[in-house]
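To start, the structure itself, in structure tokens.
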Amino acid sequence: VLDVCLTLHAEHTINASTFSARVTASTLTDPYAVVASAVGTLAGPLHGGANEEVIEMLEEIGSVENVRPYIENCLKTNSKIMGFGHRVYKVKDPRAIILQNLAEQLFEKFGRDNYYDIAVELERVVEEKLAYKGIYANVDFYSGLVYRKLGIPTDLFTPIFAISRVAGWLAHWKEQLGENRIYRPTQIYTGTHNAPYIPIAER
């Protein structure tokens, strides 16, 4: 099951951590720094840390009965629902489908828990409310449930994600070196011009 998870979490388009890796690689630094920069980006809760946030969300909801009011409150307050939506996919993430099947197999063999029942109801309600916007479960929604059932501590979810991506990050590093130009975006400054200097003592 873990091997399948590692394959599913392998390199996947120019996501935030891969972009960080390529930007860093373009400076011609060493591959350790490239991986470190990618790990730093992956660690954020909106990227690699999202499956930890999903588990916390399921804990907060607490029961199947609380799912609908929780979702309705999120929609009312415009709060993010972790584990849903994807920059590319406007259908259910194909990786989420495989992970859900793995979760079902694990629960069938080793016993169900309340988290899975809450997750299934959560996905049903979110689809009911947000499918018209193309918002469906992504890879993070079921991966935490699978890792949890495998006995993996929550704080190791993101390191496992990183392990699965290192080969991809390094492939991007090597490709970047092939025809390298440093990443140097431009920006348009829209702030104040010709502001007078104010001595520090007077600020």
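Chain identifiers are assigned as A, B, and so on, following the order in which chains appear in the structure tokens; residues are numbered from 1 within each chain, and ligands are numbered from 1 in order of appearance.
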
| request: Name the residues in contact with Ala36 (chain A) at a cut-off of 12 Å, using only C-alpha atoms, excluding same-chain residues fewer than 3 positions from it; report them as a ChimeraX atom specification. | output: /A:17-18,20-22,24-25,29-33,39-43,159,162-163,165-166,169-170

| task | May I ask which of the residues A:Asp140, A:Asn180, A:Ile81, A:Ile98 is the closest one to Phe161 (chain A), counting only C-alpha atoms? | result | A:Asp140

| message | Run DSSP on the backbone and tell me which residues of region 77-156 of chain A come out as helix (DSSP H, G or I); list them as a VMD selection string. | response | chain A and resid 77 94 to 110 114 to 133 139 to 149 154 to 156

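For the pair CA of Ala50 (chain A) and CA of Thr154 (chain A), the interatomic distance is 11.1 Å.
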
| query | Looking at A:Asn138, A:Thr192, A:Gln105, A:Gln176, which one is nearest to Gly85 (chain A), with distances taken over only C-alpha atoms? | reply |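 Smallest separation from Gly85 (chain A) among the options: A:Asn138.
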
| field | All residues 10 Å or closer to Glu53 (chain A), only C-alpha atoms, same chain fewer than 6 positions away omitted, as a PyMOL selection string | value | chain A and resi 45-46+59+81-83+140-141+144+154

What are the nearest atom pairs, with distances in Å to one decimal, for all residues of region 18-112 of chain A that come at most 8 Å from region 121-136 of chain A, using only C-alpha atoms, set out by chain and rising residue number as CSV?
residue,atom,partner,partner_atom,distance
A:Val64,CA,A:Glu121,CA,6.5
A:Val67,CA,A:Leu122,CA,5.9
A:Arg68,CA,A:Val125,CA,6.6
A:Ile71,CA,A:Val126,CA,7.2
A:Phe84,CA,A:Tyr136,CA,5.3
A:Gly85,CA,A:Ile135,CA,4.6
A:His86,CA,A:Ile135,CA,7.3
A:Tyr89,CA,A:Gly134,CA,7.9
A:Lys90,CA,A:Gly134,CA,4.4
A:Val91,CA,A:Tyr136,CA,5.9
A:Lys92,CA,A:Tyr136,CA,4.9
A:Asp93,CA,A:Tyr136,CA,7.2

| Could you name the residues that touch Arg148 (chain A) at 12 Å or less, counting only C-alpha atoms, but leaving out those on the same chain fewer than 4 positions away, as a list in words? |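 After dropping sequence-adjacent residues, the list is Leu2, Asn51, Glu52, Val54, Ile55, Glu56, Ala103, Leu106, Phe107, Phe110, Arg112, Asp113, Tyr115, Tyr116, Tyr142, Ser143, Gly144, Ile152, Pro153, Thr154, Asp155, Leu156 and Phe157 of chain A.
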
So that I have them on file, write out the residues from the current selection with N, CA and C atoms, as an mmCIF file, in the first residue's frame.
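The new file part26.cif reads:
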data_model
loop_
_atom_site.group_PDB
_atom_site.id
_atom_site.type_symbol
_atom_site.label_atom_id
_atom_site.label_comp_id
_atom_site.auth_asym_id
_atom_site.auth_seq_id
_atom_site.Cartn_x
_atom_site.Cartn_y
_atom_site.Cartn_z
ATOM 1 N N LEU A 2 1.936 1.227 0.804
ATOM 2 C CA LEU A 2 2.829 2.390 0.861
ATOM 3 C C LEU A 2 3.518 2.624 -0.485
ATOM 4 N N ASN A 51 -2.723 17.028 3.754
ATOM 5 C CA ASN A 51 -3.359 15.812 4.285
ATOM 6 C C ASN A 51 -3.363 15.794 5.815
ATOM 7 N N GLU A 52 -2.392 16.464 6.433
ATOM 8 C CA GLU A 52 -2.440 16.623 7.895
ATOM 9 C C GLU A 52 -3.641 17.482 8.285
ATOM 10 N N VAL A 54 -6.388 17.745 6.667
ATOM 11 C CA VAL A 54 -7.610 16.957 6.468
ATOM 12 C C VAL A 54 -7.928 16.155 7.726
ATOM 13 N N ILE A 55 -6.910 15.497 8.299
ATOM 14 C CA ILE A 55 -7.126 14.714 9.518
ATOM 15 C C ILE A 55 -7.602 15.616 10.653
ATOM 16 N N GLU A 56 -7.002 16.799 10.774
ATOM 17 C CA GLU A 56 -7.433 17.743 11.815
ATOM 18 C C GLU A 56 -8.877 18.183 11.588
ATOM 19 N N ALA A 103 -7.957 2.824 1.013
ATOM 20 C CA ALA A 103 -8.509 3.040 2.357
ATOM 21 C C ALA A 103 -9.593 2.016 2.659
ATOM 22 N N LEU A 106 -8.035 -1.317 3.445
ATOM 23 C CA LEU A 106 -7.423 -1.325 4.775
ATOM 24 C C LEU A 106 -8.478 -1.414 5.871
ATOM 25 N N PHE A 107 -9.565 -0.641 5.728
ATOM 26 C CA PHE A 107 -10.620 -0.655 6.743
ATOM 27 C C PHE A 107 -11.342 -2.000 6.769
ATOM 28 N N PHE A 110 -8.644 -4.342 8.516
ATOM 29 C CA PHE A 110 -8.188 -4.024 9.868
ATOM 30 C C PHE A 110 -9.214 -3.284 10.720
ATOM 31 N N ARG A 112 -12.973 -0.646 10.564
ATOM 32 C CA ARG A 112 -13.337 0.724 10.214
ATOM 33 C C ARG A 112 -13.176 1.636 11.415
ATOM 34 N N ASP A 113 -13.126 2.931 11.148
ATOM 35 C CA ASP A 113 -13.201 3.894 12.233
ATOM 36 C C ASP A 113 -14.075 5.055 11.795
ATOM 37 N N TYR A 115 -13.487 8.100 11.314
ATOM 38 C CA TYR A 115 -12.893 9.069 10.395
ATOM 39 C C TYR A 115 -13.327 8.808 8.954
ATOM 40 N N TYR A 116 -13.326 7.535 8.571
ATOM 41 C CA TYR A 116 -13.664 7.213 7.191
ATOM 42 C C TYR A 116 -15.125 7.536 6.893
ATOM 43 N N TYR A 142 -7.812 11.554 0.874
ATOM 44 C CA TYR A 142 -7.799 10.185 1.406
ATOM 45 C C TYR A 142 -6.415 9.701 1.831
ATOM 46 N N SER A 143 -5.350 10.399 1.407
ATOM 47 C CA SER A 143 -4.008 9.894 1.721
ATOM 48 C C SER A 143 -3.749 9.861 3.223
ATOM 49 N N GLY A 144 -4.211 10.888 3.947
ATOM 50 C CA GLY A 144 -4.013 10.905 5.397
ATOM 51 C C GLY A 144 -4.711 9.749 6.084
ATOM 52 N N ILE A 152 1.150 5.320 10.592
ATOM 53 C CA ILE A 152 2.151 6.367 10.398
ATOM 54 C C ILE A 152 1.706 7.627 11.143
ATOM 55 N N PRO A 153 2.559 8.194 11.999
ATOM 56 C CA PRO A 153 2.197 9.423 12.729
ATOM 57 C C PRO A 153 1.922 10.588 11.777
ATOM 58 N N THR A 154 1.020 11.452 12.169
ATOM 59 C CA THR A 154 0.612 12.578 11.315
ATOM 60 C C THR A 154 1.789 13.452 10.906
ATOM 61 N N ASP A 155 2.752 13.663 11.821
ATOM 62 C CA ASP A 155 3.860 14.563 11.486
ATOM 63 C C ASP A 155 4.849 13.953 10.491
ATOM 64 N N LEU A 156 4.616 12.707 10.081
ATOM 65 C CA LEU A 156 5.458 12.095 9.047
ATOM 66 C C LEU A 156 4.779 12.078 7.684
ATOM 67 N N PHE A 157 3.533 12.567 7.603
ATOM 68 C CA PHE A 157 2.826 12.574 6.317
ATOM 69 C C PHE A 157 3.600 13.359 5.259
#

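From CA of Thr13 (chain A) back to CA of Glu179 (chain A), the distance works out to 19.2 Å.
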
| query | When distances are computed from only C-alpha atoms, which of A:Val23, A:Ala195, A:Leu6, A:Ile200 shows the smallest separation from Ala38 (chain A)? | reply |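 Checking each candidate against Ala38 (chain A), we get A:Val23 as the closest.
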